[in-house]
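Okay, structure first, notes after.
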Amino acid sequence: MNIKKLLNSLKKIKDNDQYTIEGWILANRGNEKIRFLSLNDGSTSDNLQVVIKGKNILDFKIDKINLGTSVKVSGALILTPKSPQPIELVVSTLEIINTSDDDYPIQKKETTLDFLREIPHLRHKTNLFRTIMLIRNSLVFELHKYFQENGFINVASPIITSNDCEGAGETLEVNNPNNKNDYFFKERAYLGVSGQLHAEAYANGFKKVYTFAPTFRAENSHTSRHLAEFWMVEPEVAFANLNDVILLADNLLKTIIANTLKNYPSEMKILNDLKNGTLIPTLKDFINKDLKILDYKETIKILEKNKNMFEDQNIFFGMDLSSEHEKFIAEKIVNGPVALINYPKELKAFYMYQNTDNKTVAAFDLLVPGIGELMGGSQRESRYKKLEQRLKELNIKQEPLQWYLDLRRYGYAPSSGFGIGFERLVMYVTGISNIRDVIPFPRTPGGIKM
Ligand code: 4AD
Ligand code: MG
């Protein structure tokens, strides 16, 4: 039994039903006649009120129980519909598993996020981080559920690869430092920046596939939305075009967010309160609205008209949008998520389908308020010759990617897909503004704690 299950089955509980719960103590209040312990077991952000009366206080050494103590309690559950918490457990036995040393850094008083980033192994014992990680877990579950219920096959994309999918040269290399000339893999190998190319291979055969894996980028970006190790979710669908996967992205996001709101009301309330009540209405507004789709060309016109709003006022067709431009479009123009499509090909990776204007590719970036780019995707270049020519233009060696070109030669059904930056999704749903606070053990340039 755990606290979440108990709270979800209140209707079935009868006064004095007996339960045993294990967990950690967050508060120990009261006097010599009656004590109230606040117990959390990690299943929910809600705590269970544990009541100890009379002689039991001495017998069970309640005075020794400090913040962080692990305990096992058994007793009678009492329904308390009139108090702030709907149930309490009146203890008949209590076992202290371990108390916490005096220097336990998680104390009741407010601690800063900066301080907590120094102790990633303990910060999940705060109410805030427990809540964030429970929502993160819900999103993992909902993503798998969505794909599995909609006919997608999970593909284990390799972590170690011999290619740089995005071609941005931001790979972390894997090799044996003592043996520069004798690579373990007999060729240079990298931690993958994306599982897309491998997912594409499997989409041709399984039709609808997805990866959910850690990806790595040696970007030297010290921003609140970049990590060196982050998780990416990459669906890839054969027989699908750009528009099909934009619709998929929209439906998927709305479904997993709606289910998380439904299944984690206590956690979402905590996060909503932190945002002065704006988080849940914003998410619901997105769920209820049609996704806006905007052409890159139109976007440039809008930015041009508003250019005095920006630090970077040099606005022209062909420019890469900076984070301030992306946020402006999502926050001020659309006031919600927006898919920008048809970017100039120079801004995008080699594998994207070239539009008939010869300037743009069938790509989309999904931008959201507060974060900017949440996902990026495209229809893939299906024409062998075009792909070959693009590799040449970009000076990318063809030989290591020959297998990828060859896919086009064997009954190829054109495919489209996208990648969701999973931590950015967690930021969007929790309202947390720094990406380091939505992953248990963040890895950033110059930062690898534990
Ligand atoms: O836009 P990106 O680079 O697209 C791809 O990797 C494609 N291969 C995806 C595909 O079509 N299958 O990355 C996808 C998403 C971005 O939109 C962003 O949300 C996230 O991954 N992302 C990062 N998240 C955290 N830290 C970083 N350094 C990130 N770089 C990208
Ligand atoms: Mg991108």
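Naming works like this for the structure tokens: A, B, ... for the chains as they're shown, residue 1 at the start of each chain, ligands 1 onward in shown order.
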
Notebook entry, point to check: Just asking: which residues within segment 74-284 of chain A are strand (DSSP E) according to DSSP, as number ranges by chain?
Noted result: A: 74-79, 87-98, 153-154, 160-161, 172-174, 189-191, 208-216, 229-238

Next item on the list: Would you kindly return, as a list in words, each protein, DNA or RNA residue with an atom no farther than 10 Å from any atom of Lys449 of chain A, considering only C-alpha atoms and excluding same-chain residues fewer than 3 positions away?
Entry: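 Skipping anything fewer than 3 positions along the chain leaves Arg117, Glu118, Ile119, Pro120, His121, Phe441, Pro442, Arg443, Thr444 and Gly446 of chain A.
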
Checklist line | All residues 6 Å or closer to segment 319-333 of chain A, only C-alpha atoms, same chain fewer than 2 positions away omitted, as a PyMOL selection string | finding: chain A and resi 316-317+335-337+368-369+372

Margin query: Could you list, as a list in words, every residue within 9 Å of Ala349 of chain A, counting only C-alpha atoms and ignoring same-chain residues fewer than 4 positions away?
Written below: Cys165, Glu166, Gly167, Ala168 and Lys345 of chain A

Next item on the list: Go through the chains and note each residue within 10 Å of ligand 2, using only C-alpha atoms and all ligand atoms, then give the set as a list in words.
Entry: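 The neighbouring residues of ligand 2 are, in order, Glu166, Leu347, Lys348, Ala349, Ala363, Phe364, Asp365, Leu366, Glu373, Leu374, Met375, Gly376, Gly377, Phe418, Gly419, Ile420 and Gly421 of chain A.
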
With C-alpha atoms retained, could you export that selection as a PDB file, in the first residue's frame?
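Wrote selection.pdb, looks like this:
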```pdb
ATOM      1  CA  GLU A 166      22.226  16.948 -36.988  1.00  0.00           C
ATOM      2  CA  LEU A 347      19.297  26.594 -41.310  1.00  0.00           C
ATOM      3  CA  LYS A 348      18.406  22.936 -41.192  1.00  0.00           C
ATOM      4  CA  ALA A 349      19.979  19.482 -41.327  1.00  0.00           C
ATOM      5  CA  ALA A 363      10.516  21.342 -41.495  1.00  0.00           C
ATOM      6  CA  PHE A 364       8.701  22.468 -38.382  1.00  0.00           C
ATOM      7  CA  ASP A 365       9.720  23.762 -34.997  1.00  0.00           C
ATOM      8  CA  LEU A 366       7.124  23.798 -32.254  1.00  0.00           C
ATOM      9  CA  GLU A 373      11.659  25.491 -29.155  1.00  0.00           C
ATOM     10  CA  LEU A 374      10.046  22.421 -27.611  1.00  0.00           C
ATOM     11  CA  MET A 375      10.337  20.132 -30.614  1.00  0.00           C
ATOM     12  CA  GLY A 376      11.748  20.040 -34.105  1.00  0.00           C
ATOM     13  CA  GLY A 377      10.892  17.791 -37.000  1.00  0.00           C
ATOM     14  CA  PHE A 418      10.087  14.919 -34.947  1.00  0.00           C
ATOM     15  CA  GLY A 419      12.045  15.062 -31.712  1.00  0.00           C
ATOM     16  CA  ILE A 420      10.634  16.294 -28.421  1.00  0.00           C
ATOM     17  CA  GLY A 421      13.182  17.676 -25.987  1.00  0.00           C
TER      18      GLY A 421
END
```

Note to self: I'd like the interatomic distance between atom CA of Phe206 of chain A and atom CA of Ile153 of chain A, to a tenth of an Å.
What the structure shows: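 About the pair atom CA of Phe206 of chain A and atom CA of Ile153 of chain A: they are 7.0 Å apart.
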
Item checked: Top pick for closest residue to Tyr19 of chain A, considering A:Asp295, A:Glu88, A:Glu311, A:Glu187 and counting only C-alpha atoms ->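 Once distances to Tyr19 of chain A are computed over only C-alpha atoms, the minimum belongs to A:Glu88.
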
Next item on the list: Show which residues sit within 12 Å of Leu387 of chain A, as number ranges by chain. Count only C-alpha atoms, and ignore same-chain residues fewer than 5 positions away.
Entry: A: 349-354, 380-382, 392-394, 396, 398, 401-402, 404-408

Kindly export the residues of the current selection with C-alpha atoms, as a PDB file, in the first residue's frame.
```pdb
ATOM      1  CA  ALA A 349      19.979  19.482 -41.327  1.00  0.00           C
ATOM      2  CA  PHE A 350      20.811  17.580 -44.532  1.00  0.00           C
ATOM      3  CA  TYR A 351      17.984  15.059 -44.332  1.00  0.00           C
ATOM      4  CA  MET A 352      15.025  17.427 -44.693  1.00  0.00           C
ATOM      5  CA  TYR A 353      12.736  17.347 -47.737  1.00  0.00           C
ATOM      6  CA  GLN A 354      13.510  20.209 -50.128  1.00  0.00           C
ATOM      7  CA  ARG A 380      12.515  13.491 -44.772  1.00  0.00           C
ATOM      8  CA  GLU A 381      14.162  13.881 -48.165  1.00  0.00           C
ATOM      9  CA  SER A 382      12.875  10.875 -50.068  1.00  0.00           C
ATOM     10  CA  LYS A 392      27.885  17.281 -51.271  1.00  0.00           C
ATOM     11  CA  GLU A 393      26.760  20.899 -50.777  1.00  0.00           C
ATOM     12  CA  LEU A 394      27.236  20.550 -47.043  1.00  0.00           C
ATOM     13  CA  ILE A 396      29.297  15.726 -45.413  1.00  0.00           C
ATOM     14  CA  GLN A 398      28.644  10.160 -48.069  1.00  0.00           C
ATOM     15  CA  LEU A 401      25.792   7.540 -44.530  1.00  0.00           C
ATOM     16  CA  GLN A 402      25.496   5.221 -47.526  1.00  0.00           C
ATOM     17  CA  TYR A 404      20.893   5.861 -44.966  1.00  0.00           C
ATOM     18  CA  LEU A 405      20.821   6.672 -48.688  1.00  0.00           C
ATOM     19  CA  ASP A 406      20.292   2.999 -49.477  1.00  0.00           C
ATOM     20  CA  LEU A 407      17.063   3.013 -47.470  1.00  0.00           C
ATOM     21  CA  ARG A 408      15.687   5.032 -50.374  1.00  0.00           C
TER      22      ARG A 408
END
```

Item checked: Pick from A:Glu22, A:Leu7, A:Thr69, A:Ala189, whichever lies nearest to Pro81 of chain A using only C-alpha atoms ->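 Ranking A:Glu22, A:Leu7, A:Thr69, A:Ala189 by distance to Pro81 of chain A, first place goes to A:Leu7.
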
Checklist line | Contacts of Glu170 of chain A within 9 Å, only C-alpha atoms, excl. fewer than 4 positions in-chain, as a list in words | finding: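 Listing them by chain and then by number gives Asp164, Glu166, Val193, Phe216, Arg217, Ala218, Glu219 and Asn220 of chain A.
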
Selection export as an mmCIF file, in the first residue's frame, atoms kept: all heavy atoms:
```cif
data_model
loop_
_atom_site.group_PDB
_atom_site.id
_atom_site.type_symbol
_atom_site.label_atom_id
_atom_site.label_comp_id
_atom_site.auth_asym_id
_atom_site.auth_seq_id
_atom_site.Cartn_x
_atom_site.Cartn_y
_atom_site.Cartn_z
ATOM 1 N N ASP A 164 26.868 11.943 -36.977
ATOM 2 C CA ASP A 164 26.391 13.152 -36.315
ATOM 3 C C ASP A 164 25.123 13.560 -37.041
ATOM 4 O O ASP A 164 25.154 14.310 -38.001
ATOM 5 C CB ASP A 164 27.470 14.249 -36.420
ATOM 6 C CG ASP A 164 26.957 15.603 -35.930
ATOM 7 O OD1 ASP A 164 25.851 15.658 -35.352
ATOM 8 O OD2 ASP A 164 27.659 16.604 -36.145
ATOM 9 N N GLU A 166 22.608 15.559 -36.722
ATOM 10 C CA GLU A 166 22.226 16.948 -36.988
ATOM 11 C C GLU A 166 23.304 17.705 -37.759
ATOM 12 O O GLU A 166 23.091 18.829 -38.198
ATOM 13 C CB GLU A 166 21.900 17.669 -35.689
ATOM 14 C CG GLU A 166 20.678 17.109 -34.958
ATOM 15 C CD GLU A 166 19.444 17.055 -35.855
ATOM 16 O OE1 GLU A 166 18.996 18.111 -36.299
ATOM 17 O OE2 GLU A 166 18.954 15.938 -36.131
ATOM 18 N N VAL A 193 23.565 12.280 -30.937
ATOM 19 C CA VAL A 193 22.843 13.545 -30.747
ATOM 20 C C VAL A 193 21.351 13.375 -31.031
ATOM 21 O O VAL A 193 20.541 14.232 -30.692
ATOM 22 C CB VAL A 193 23.393 14.687 -31.638
ATOM 23 C CG1 VAL A 193 24.841 14.981 -31.321
ATOM 24 C CG2 VAL A 193 23.233 14.360 -33.122
ATOM 25 N N PHE A 216 22.988 13.421 -26.524
ATOM 26 C CA PHE A 216 24.130 14.168 -25.977
ATOM 27 C C PHE A 216 24.567 15.258 -26.932
ATOM 28 O O PHE A 216 24.674 15.027 -28.134
ATOM 29 C CB PHE A 216 25.290 13.196 -25.737
ATOM 30 C CG PHE A 216 24.893 12.020 -24.895
ATOM 31 C CD1 PHE A 216 24.324 10.895 -25.480
ATOM 32 C CD2 PHE A 216 25.048 12.054 -23.517
ATOM 33 C CE1 PHE A 216 23.922 9.813 -24.699
ATOM 34 C CE2 PHE A 216 24.640 10.982 -22.735
ATOM 35 C CZ PHE A 216 24.080 9.855 -23.333
ATOM 36 N N ARG A 217 24.823 16.432 -26.398
ATOM 37 C CA ARG A 217 25.307 17.516 -27.263
ATOM 38 C C ARG A 217 26.368 18.333 -26.536
ATOM 39 O O ARG A 217 26.157 18.785 -25.413
ATOM 40 C CB ARG A 217 24.152 18.429 -27.678
ATOM 41 C CG ARG A 217 23.132 17.611 -28.466
ATOM 42 C CD ARG A 217 22.302 18.406 -29.402
ATOM 43 N NE ARG A 217 21.361 17.453 -30.024
ATOM 44 C CZ ARG A 217 20.369 17.777 -30.787
ATOM 45 N NH1 ARG A 217 20.147 19.047 -31.077
ATOM 46 N NH2 ARG A 217 19.581 16.843 -31.294
ATOM 47 N N ALA A 218 27.490 18.493 -27.232
ATOM 48 C CA ALA A 218 28.587 19.269 -26.653
ATOM 49 C C ALA A 218 28.445 20.741 -27.028
ATOM 50 O O ALA A 218 29.385 21.393 -27.412
ATOM 51 C CB ALA A 218 29.921 18.717 -27.143
ATOM 52 N N GLU A 219 27.201 21.252 -26.908
ATOM 53 C CA GLU A 219 26.975 22.677 -27.165
ATOM 54 C C GLU A 219 27.515 23.435 -25.971
ATOM 55 O O GLU A 219 27.214 23.079 -24.837
ATOM 56 C CB GLU A 219 25.477 22.982 -27.212
ATOM 57 C CG GLU A 219 24.770 22.515 -28.437
ATOM 58 C CD GLU A 219 23.253 22.645 -28.267
ATOM 59 O OE1 GLU A 219 22.646 21.748 -27.661
ATOM 60 O OE2 GLU A 219 22.692 23.631 -28.736
ATOM 61 N N ASN A 220 28.232 24.506 -26.229
ATOM 62 C CA ASN A 220 28.729 25.266 -25.085
ATOM 63 C C ASN A 220 27.718 26.333 -24.685
ATOM 64 O O ASN A 220 28.028 27.515 -24.641
ATOM 65 C CB ASN A 220 30.095 25.872 -25.420
ATOM 66 C CG ASN A 220 30.945 25.996 -24.170
ATOM 67 O OD1 ASN A 220 30.540 25.542 -23.088
ATOM 68 N ND2 ASN A 220 32.088 26.616 -24.295
#
```

Next item on the list: Kindly indicate which residue among A:Val73, A:Met427, A:Ile13, A:Val140 lies nearest to ligand 1, using only C-alpha atoms and all ligand atoms for the distances.
Entry: A:Met427
